[in-house]
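Participant: Sharing a structure with you now.
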Amino acid sequence: MVAGETSGDLLAGLLLDGMRARWPELSAHGIGGPQMARRGFEAWWPCDKLAVRGYVEVLRHYREIVGIREQLKMRLLAERPQVFIGVDAPDFNLDLEADLRQSGIKTVHFICPSIWAWRADRVEKIRRSVDHVLCIFPFEVDLLAQHGIAATYVGHPLANVIPQEPDRAAARTALGLPLEATVVAILPGSRESEVRYLIQRFLAAAVQIRQAKPDARFVIPAIPALRPAIEAAARASGLGESLQIVTGQSHAVLAACDVTLIASGTATLEAALFKRPMVIAYNMNWLSWQIMRRKRLQAWVGLPNILCAEAVVTELLQDAATPRALADEVLAWLDAPKRVTALQHRFADLHHTLRRDTAQLATHAIENLLAR
């Protein structure tokens with residue numbers, strides 16, 4: 001298995017639960033993180049080695065990433081596992097899967113690459129590389145079938161982990177937050193490049209939010225590797241005790257908050273499943289942005305908007321993601337309780353659609369593949 005970042009590690013950990021229930025003697029190894037390690041996964045490299053986003057940013061790490069992929073490929077070709085499962089990280093996994101499949105190793109890709117959102121040309125690489133795709137969104141199976149790619153809808157595993165009705169009070173108590181305060185969750189991303197481009201904008205927005213809402217409290221769930229950079233930015237922000245940084249605990253933070261200021265990515269879907277209003281932002285290297293925006297097929301980048309097929313939450317991208325604009329959009333949610341209630345109903349419907357026994361369905365699909 002290969003999971004390439006924090007969200008992939010979480011998804012792979014949930015899949016490992018189902019696989020180990022079916023195959024108690026399962027031996028799993030490759031590239032992963034702490035969630036996978038808790039399920040007995042042997043990580044030959046940590047998943048944060050692959051947690052790089054953006055064309056220019058990838059170029060800086062290209063030699064190391066390609067070196068890891070080549071070493072992993074040679075080891076897998078020598079050891080011949082019964083199945084290889086690439087969890088997201090398509091730029092890394094699809095080329096690896098193509099080589100393994102050509103050698104006769106069965107390959108599964110968990111999470112269909114977003115060919116419906118951008119880089120539609122990637123469908124040919126998927127067909128060449130993958131024996132079976134495990135899809136987390138229902139419309140993806142028919143889309144892949146049109147291109148002759150076998151796939152199974154398994155639901156989104158996070159829809160089973162996140163409760164239908166999150167307990168805000170319990171989450172605030174666990175985090176030591178006042179029950180009556182206005183709480184803003186700040187999620188600047190799980191990659192170093194995301195934090196580098198967003199954290200100062202988010203904290204500057206928090207300063208302006210606090211000017212309008214003096215009782216506001218801000219919480220940042222930080223992965224351990226990125227906490228020092230976030231703490232350094234926090235010290236310079238002047239937010240003082242109104243800002244709390246915790247290690248991990250992103251689900252507790254989302255459950256506790258009234259609204260979240262959040263980087264585009266899987267975390268936006270988590271926020272939707274927690275029924276929280278959000279302001280989605282993204283900023284990256286200028287050249288990477290110019291390349292990516294030309295490959296977009298959707299009007300939106302945020303998963304909540306894509307899945308609801310309309311702009312249910314605000315997206316502020318690149319130059320539009322100014323501290324003033326970010327702060328204004330967060331304050332607009334805080335001052336519109338009826339709008340928040342309507343959004344929560346919409347997200348509850350989305351949660352129901354995505355809720356399936358993902359681990360069991362995925363394991364069953366893998367078992368059928370192995371039987372062929």
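We name chains A, B, ... following the order of the structure tokens; residues begin at 1 in each chain, and ligands are numbered from 1 as shown.
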What's the 12 Å shell around A:Ala271, counting only C-alpha atoms, without same-chain residues fewer than 3 positions away, as an mmCIF file with N, CA and C atoms, in the first residue's frame?
Facilitator:
```cif
data_model
loop_
_atom_site.group_PDB
_atom_site.id
_atom_site.type_symbol
_atom_site.label_atom_id
_atom_site.label_comp_id
_atom_site.auth_asym_id
_atom_site.auth_seq_id
_atom_site.Cartn_x
_atom_site.Cartn_y
_atom_site.Cartn_z
ATOM 1 N N LEU A 158 -15.109 8.435 5.624
ATOM 2 C CA LEU A 158 -15.264 9.456 6.658
ATOM 3 C C LEU A 158 -16.723 9.635 7.060
ATOM 4 N N ALA A 159 -17.651 9.293 6.160
ATOM 5 C CA ALA A 159 -19.073 9.428 6.483
ATOM 6 C C ALA A 159 -19.499 8.454 7.563
ATOM 7 N N ILE A 162 -17.506 10.029 11.062
ATOM 8 C CA ILE A 162 -18.046 11.289 11.591
ATOM 9 C C ILE A 162 -19.525 11.104 11.926
ATOM 10 N N PRO A 163 -19.943 11.432 13.140
ATOM 11 C CA PRO A 163 -21.347 11.227 13.534
ATOM 12 C C PRO A 163 -22.301 12.116 12.749
ATOM 13 N N PRO A 166 -22.859 15.822 15.255
ATOM 14 C CA PRO A 166 -21.675 16.041 16.104
ATOM 15 C C PRO A 166 -22.045 16.727 17.415
ATOM 16 N N ALA A 185 -12.428 27.533 13.597
ATOM 17 C CA ALA A 185 -11.382 26.549 13.316
ATOM 18 C C ALA A 185 -10.574 27.025 12.117
ATOM 19 N N ILE A 186 -9.264 26.960 12.245
ATOM 20 C CA ILE A 186 -8.371 27.344 11.146
ATOM 21 C C ILE A 186 -7.605 26.102 10.705
ATOM 22 N N LEU A 187 -7.839 25.680 9.472
ATOM 23 C CA LEU A 187 -7.180 24.487 8.935
ATOM 24 C C LEU A 187 -6.398 24.880 7.683
ATOM 25 N N SER A 250 -8.158 17.134 14.437
ATOM 26 C CA SER A 250 -8.917 17.977 13.515
ATOM 27 C C SER A 250 -10.418 17.716 13.611
ATOM 28 N N HIS A 251 -10.810 16.471 13.895
ATOM 29 C CA HIS A 251 -12.236 16.176 14.003
ATOM 30 C C HIS A 251 -12.837 16.839 15.245
ATOM 31 N N ALA A 252 -12.108 16.816 16.339
ATOM 32 C CA ALA A 252 -12.595 17.490 17.551
ATOM 33 C C ALA A 252 -12.715 18.991 17.309
ATOM 34 N N VAL A 253 -11.754 19.548 16.596
ATOM 35 C CA VAL A 253 -11.765 20.988 16.314
ATOM 36 C C VAL A 253 -12.947 21.344 15.416
ATOM 37 N N LEU A 254 -13.206 20.539 14.391
ATOM 38 C CA LEU A 254 -14.343 20.808 13.514
ATOM 39 C C LEU A 254 -15.666 20.638 14.253
ATOM 40 N N ALA A 255 -15.748 19.647 15.130
ATOM 41 C CA ALA A 255 -16.964 19.469 15.920
ATOM 42 C C ALA A 255 -17.202 20.652 16.844
ATOM 43 N N ALA A 256 -16.132 21.261 17.346
ATOM 44 C CA ALA A 256 -16.238 22.336 18.342
ATOM 45 C C ALA A 256 -16.563 23.698 17.740
ATOM 46 N N CYS A 257 -16.233 23.886 16.468
ATOM 47 C CA CYS A 257 -16.265 25.242 15.922
ATOM 48 C C CYS A 257 -17.660 25.682 15.479
ATOM 49 N N ASP A 258 -17.786 26.994 15.285
ATOM 50 C CA ASP A 258 -18.983 27.575 14.676
ATOM 51 C C ASP A 258 -18.813 27.718 13.173
ATOM 52 N N VAL A 259 -17.593 27.946 12.740
ATOM 53 C CA VAL A 259 -17.270 28.122 11.330
ATOM 54 C C VAL A 259 -15.796 27.796 11.159
ATOM 55 N N THR A 260 -15.404 27.369 9.950
ATOM 56 C CA THR A 260 -13.997 27.070 9.730
ATOM 57 C C THR A 260 -13.462 27.818 8.513
ATOM 58 N N LEU A 261 -12.256 28.291 8.670
ATOM 59 C CA LEU A 261 -11.470 28.874 7.590
ATOM 60 C C LEU A 261 -10.508 27.776 7.169
ATOM 61 N N ILE A 262 -10.608 27.295 5.920
ATOM 62 C CA ILE A 262 -10.051 25.987 5.604
ATOM 63 C C ILE A 262 -9.418 25.942 4.221
ATOM 64 N N ALA A 263 -8.310 25.219 4.113
ATOM 65 C CA ALA A 263 -7.654 25.029 2.827
ATOM 66 C C ALA A 263 -8.438 24.027 1.993
ATOM 67 N N SER A 264 -8.513 24.257 0.695
ATOM 68 C CA SER A 264 -9.184 23.322 -0.202
ATOM 69 C C SER A 264 -8.521 21.957 -0.124
ATOM 70 N N GLY A 265 -9.344 20.906 -0.112
ATOM 71 C CA GLY A 265 -8.832 19.543 -0.001
ATOM 72 C C GLY A 265 -9.836 18.666 0.714
ATOM 73 N N THR A 266 -9.387 17.479 1.120
ATOM 74 C CA THR A 266 -10.277 16.517 1.783
ATOM 75 C C THR A 266 -10.896 17.098 3.046
ATOM 76 N N ALA A 267 -10.164 17.971 3.727
ATOM 77 C CA ALA A 267 -10.688 18.537 4.973
ATOM 78 C C ALA A 267 -11.992 19.290 4.766
ATOM 79 N N THR A 268 -12.218 19.829 3.571
ATOM 80 C CA THR A 268 -13.476 20.544 3.332
ATOM 81 C C THR A 268 -14.660 19.583 3.362
ATOM 82 N N PHE A 274 -19.277 17.353 9.237
ATOM 83 C CA PHE A 274 -19.524 17.888 10.581
ATOM 84 C C PHE A 274 -20.597 18.976 10.563
ATOM 85 N N LYS A 275 -21.144 19.263 9.359
ATOM 86 C CA LYS A 275 -22.243 20.237 9.172
ATOM 87 C C LYS A 275 -21.807 21.644 9.574
ATOM 88 N N ARG A 276 -20.553 21.979 9.287
ATOM 89 C CA ARG A 276 -20.039 23.291 9.665
ATOM 90 C C ARG A 276 -19.927 24.211 8.451
ATOM 91 N N PRO A 277 -20.378 25.455 8.569
ATOM 92 C CA PRO A 277 -20.140 26.415 7.492
ATOM 93 C C PRO A 277 -18.648 26.674 7.357
ATOM 94 N N MET A 278 -18.230 27.039 6.169
ATOM 95 C CA MET A 278 -16.786 27.191 5.946
ATOM 96 C C MET A 278 -16.521 28.252 4.900
ATOM 97 N N VAL A 279 -15.295 28.747 4.933
ATOM 98 C CA VAL A 279 -14.759 29.579 3.870
ATOM 99 C C VAL A 279 -13.535 28.841 3.350
ATOM 100 N N ILE A 280 -13.600 28.427 2.083
ATOM 101 C CA ILE A 280 -12.527 27.649 1.482
ATOM 102 C C ILE A 280 -11.548 28.595 0.805
ATOM 103 N N GLY A 302 -13.751 23.304 -4.244
ATOM 104 C CA GLY A 302 -14.137 22.718 -2.960
ATOM 105 C C GLY A 302 -15.084 21.544 -3.143
ATOM 106 N N LEU A 303 -14.798 20.431 -2.463
ATOM 107 C CA LEU A 303 -15.637 19.241 -2.583
ATOM 108 C C LEU A 303 -17.101 19.494 -2.198
ATOM 109 N N PRO A 304 -17.395 20.270 -1.153
ATOM 110 C CA PRO A 304 -18.816 20.514 -0.836
ATOM 111 C C PRO A 304 -19.568 21.145 -2.010
ATOM 112 N N VAL A 313 -20.853 27.097 -0.385
ATOM 113 C CA VAL A 313 -19.918 27.800 0.490
ATOM 114 C C VAL A 313 -18.972 28.631 -0.372
ATOM 115 N N LEU A 343 -27.719 25.356 5.334
ATOM 116 C CA LEU A 343 -26.513 24.632 4.903
ATOM 117 C C LEU A 343 -26.388 23.309 5.641
ATOM 118 N N GLN A 344 -26.705 23.305 6.917
ATOM 119 C CA GLN A 344 -26.614 22.078 7.704
ATOM 120 C C GLN A 344 -27.558 21.002 7.171
ATOM 121 N N PHE A 347 -25.956 19.581 4.056
ATOM 122 C CA PHE A 347 -24.838 18.697 4.374
ATOM 123 C C PHE A 347 -25.314 17.383 5.003
ATOM 124 N N ALA A 348 -26.428 17.414 5.723
ATOM 125 C CA ALA A 348 -26.983 16.168 6.283
ATOM 126 C C ALA A 348 -27.409 15.222 5.166
ATOM 127 N N LEU A 350 -26.116 15.166 2.143
ATOM 128 C CA LEU A 350 -24.863 14.695 1.544
ATOM 129 C C LEU A 350 -24.252 13.575 2.380
ATOM 130 N N HIS A 351 -24.287 13.728 3.692
ATOM 131 C CA HIS A 351 -23.747 12.720 4.607
ATOM 132 C C HIS A 351 -24.452 11.380 4.395
#
```
Participant: Which residues are close to A:Arg324, i.e. within 9 Å by only C-alpha atoms, leaving aside same-chain residues fewer than 2 positions away? Reply as a short mmCIF file (atom, residue, chain, number, x, y, z; two decimals) with N, CA and C atoms, in the first residue's frame.
Facilitator:
```
data_model
loop_
_atom_site.label_atom_id
_atom_site.label_comp_id
_atom_site.auth_asym_id
_atom_site.auth_seq_id
_atom_site.Cartn_x
_atom_site.Cartn_y
_atom_site.Cartn_z
N ALA A 204 -3.91 36.57 9.75
CA ALA A 204 -4.26 37.99 9.58
C ALA A 204 -5.78 38.16 9.51
N ALA A 205 -6.45 37.22 8.88
CA ALA A 205 -7.92 37.25 8.86
C ALA A 205 -8.47 37.07 10.27
N GLN A 208 -8.59 40.25 12.20
CA GLN A 208 -9.71 41.11 11.82
C GLN A 208 -11.05 40.56 12.32
N ALA A 321 -7.83 35.47 -2.05
CA ALA A 321 -7.76 35.05 -0.64
C ALA A 321 -6.99 36.07 0.19
N THR A 322 -7.53 37.28 0.26
CA THR A 322 -6.92 38.31 1.09
C THR A 322 -7.44 38.19 2.53
N LEU A 326 -11.28 37.07 3.51
CA LEU A 326 -11.47 35.87 4.33
C LEU A 326 -12.24 36.20 5.60
N ALA A 327 -11.83 37.28 6.26
CA ALA A 327 -12.50 37.68 7.50
C ALA A 327 -13.96 38.04 7.25
N ASP A 328 -14.23 38.78 6.18
CA ASP A 328 -15.60 39.19 5.88
C ASP A 328 -16.50 37.99 5.64
N GLU A 329 -16.00 36.98 4.95
CA GLU A 329 -16.82 35.81 4.65
C GLU A 329 -17.08 34.98 5.91
#
```
Participant: Return as a PyMOL selection string the full set of residues in stretch 141-294 of chain A whose backbone-based DSSP assignment is strand (DSSP E).
Facilitator: chain A and resi 151-153+183-187+217-222+243-247+259-263+278-282
Participant: Could you check which of A:Glu25, A:Glu180, A:Asp319, A:Asp91 is closest to A:Arg217, using only C-alpha atoms?
Facilitator: A:Glu180
Participant: Tell me, in Å to one decimal, how far atom CA of A:Val207 is from atom CA of A:Ala232.
Facilitator: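 Here the two named atoms are 15.8 Å from each other.
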Participant: One decimal, in Å: what's the spacing between atom CA of A:Arg196 and atom CA of A:Cys47?
Facilitator: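 Separation of atom CA of A:Arg196 and atom CA of A:Cys47: 19.0 Å.
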Participant: Within 9 Å of A:Asn160, counting only C-alpha atoms, which residues show up once you throw out same-chain ones fewer than 5 positions away? Write them as a list in words, please.
Facilitator: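 So, after excluding close chain neighbours, the residues are Gly155, His351, Leu354, Arg355, Arg356, Asp357 and Thr358 of chain A.
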Participant: Skipping near chain neighbours, those fewer than 2 positions away, what residues fall within 10 Å of A:Asn283 using only C-alpha atoms, listed as a PyMOL selection string?
Facilitator: chain A and resi 193-198+201+263-264+281+285-286+288-289+316-322
Participant: What's the 8 Å shell around stretch 96-113 of chain A, counting only C-alpha atoms, without same-chain residues fewer than 6 positions away, as number ranges by chain?
Facilitator: A: 69, 73, 76-77, 80-88, 90, 128-136, 140, 366, 369-370
Participant: Convert the current residue selection to file output with C-alpha atoms, as an mmCIF file, in the first residue's frame.
Facilitator:
```cif
data_model
loop_
_atom_site.group_PDB
_atom_site.id
_atom_site.type_symbol
_atom_site.label_atom_id
_atom_site.label_comp_id
_atom_site.auth_asym_id
_atom_site.auth_seq_id
_atom_site.Cartn_x
_atom_site.Cartn_y
_atom_site.Cartn_z
ATOM 1 C CA ARG A 69 9.228 5.180 -6.185
ATOM 2 C CA LYS A 73 9.021 -0.701 -7.306
ATOM 3 C CA LEU A 76 7.715 -5.025 -4.747
ATOM 4 C CA LEU A 77 8.737 -6.694 -7.992
ATOM 5 C CA ARG A 80 5.523 -10.028 -5.467
ATOM 6 C CA PRO A 81 2.626 -9.052 -3.165
ATOM 7 C CA GLN A 82 -0.814 -10.478 -3.991
ATOM 8 C CA VAL A 83 -2.195 -6.996 -4.488
ATOM 9 C CA PHE A 84 -0.957 -3.409 -4.503
ATOM 10 C CA ILE A 85 -3.319 -0.693 -3.268
ATOM 11 C CA GLY A 86 -2.537 2.898 -4.117
ATOM 12 C CA VAL A 87 -4.428 5.254 -1.819
ATOM 13 C CA ASP A 88 -4.951 8.563 -3.625
ATOM 14 C CA PRO A 90 -2.210 9.533 -8.259
ATOM 15 C CA ARG A 128 -3.494 1.252 -18.261
ATOM 16 C CA SER A 129 -2.460 1.139 -14.612
ATOM 17 C CA VAL A 130 -5.339 -0.187 -12.519
ATOM 18 C CA ASP A 131 -7.283 -3.455 -12.341
ATOM 19 C CA HIS A 132 -9.989 -1.978 -10.095
ATOM 20 C CA VAL A 133 -10.890 1.434 -8.691
ATOM 21 C CA LEU A 134 -12.609 1.920 -5.333
ATOM 22 C CA CYS A 135 -14.789 5.031 -5.712
ATOM 23 C CA ILE A 136 -15.883 7.248 -2.841
ATOM 24 C CA GLU A 140 -17.640 7.969 -10.509
ATOM 25 C CA ILE A 366 -10.501 -6.641 -3.448
ATOM 26 C CA LEU A 369 -10.327 -9.216 -7.780
ATOM 27 C CA LEU A 370 -7.971 -11.685 -6.113
#
```
Participant: Which is closer to A:Thr247 than all the others in A:Ala169, A:Met19, A:Ala181, A:Ala225, using only C-alpha atoms?
Facilitator: A:Ala225
Participant: Which distance in Å separates atom CA of A:Thr363 and atom CA of A:Asp121, to one decimal?
Facilitator: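 Between atom CA of A:Thr363 and atom CA of A:Asp121 the gap works out to 28.7 Å.
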Participant: Give me the residues within 8 Å of stretch 27-38 of chain A as a VMD selection string, counting only C-alpha atoms and dropping any in the same chain fewer than 6 places off.
Facilitator: chain A and resid 1 to 6 9 to 10 12 to 13 16 44 to 48 72
Participant: Could you give me the residues within stretch 31-272 of chain A that DSSP places in alpha helix (DSSP H), as number ranges by chain?
Facilitator: A: 34-37, 55-79, 90-102, 123-129, 140-145, 158-161, 168-175, 192-212, 227-237, 250-256, 266-272
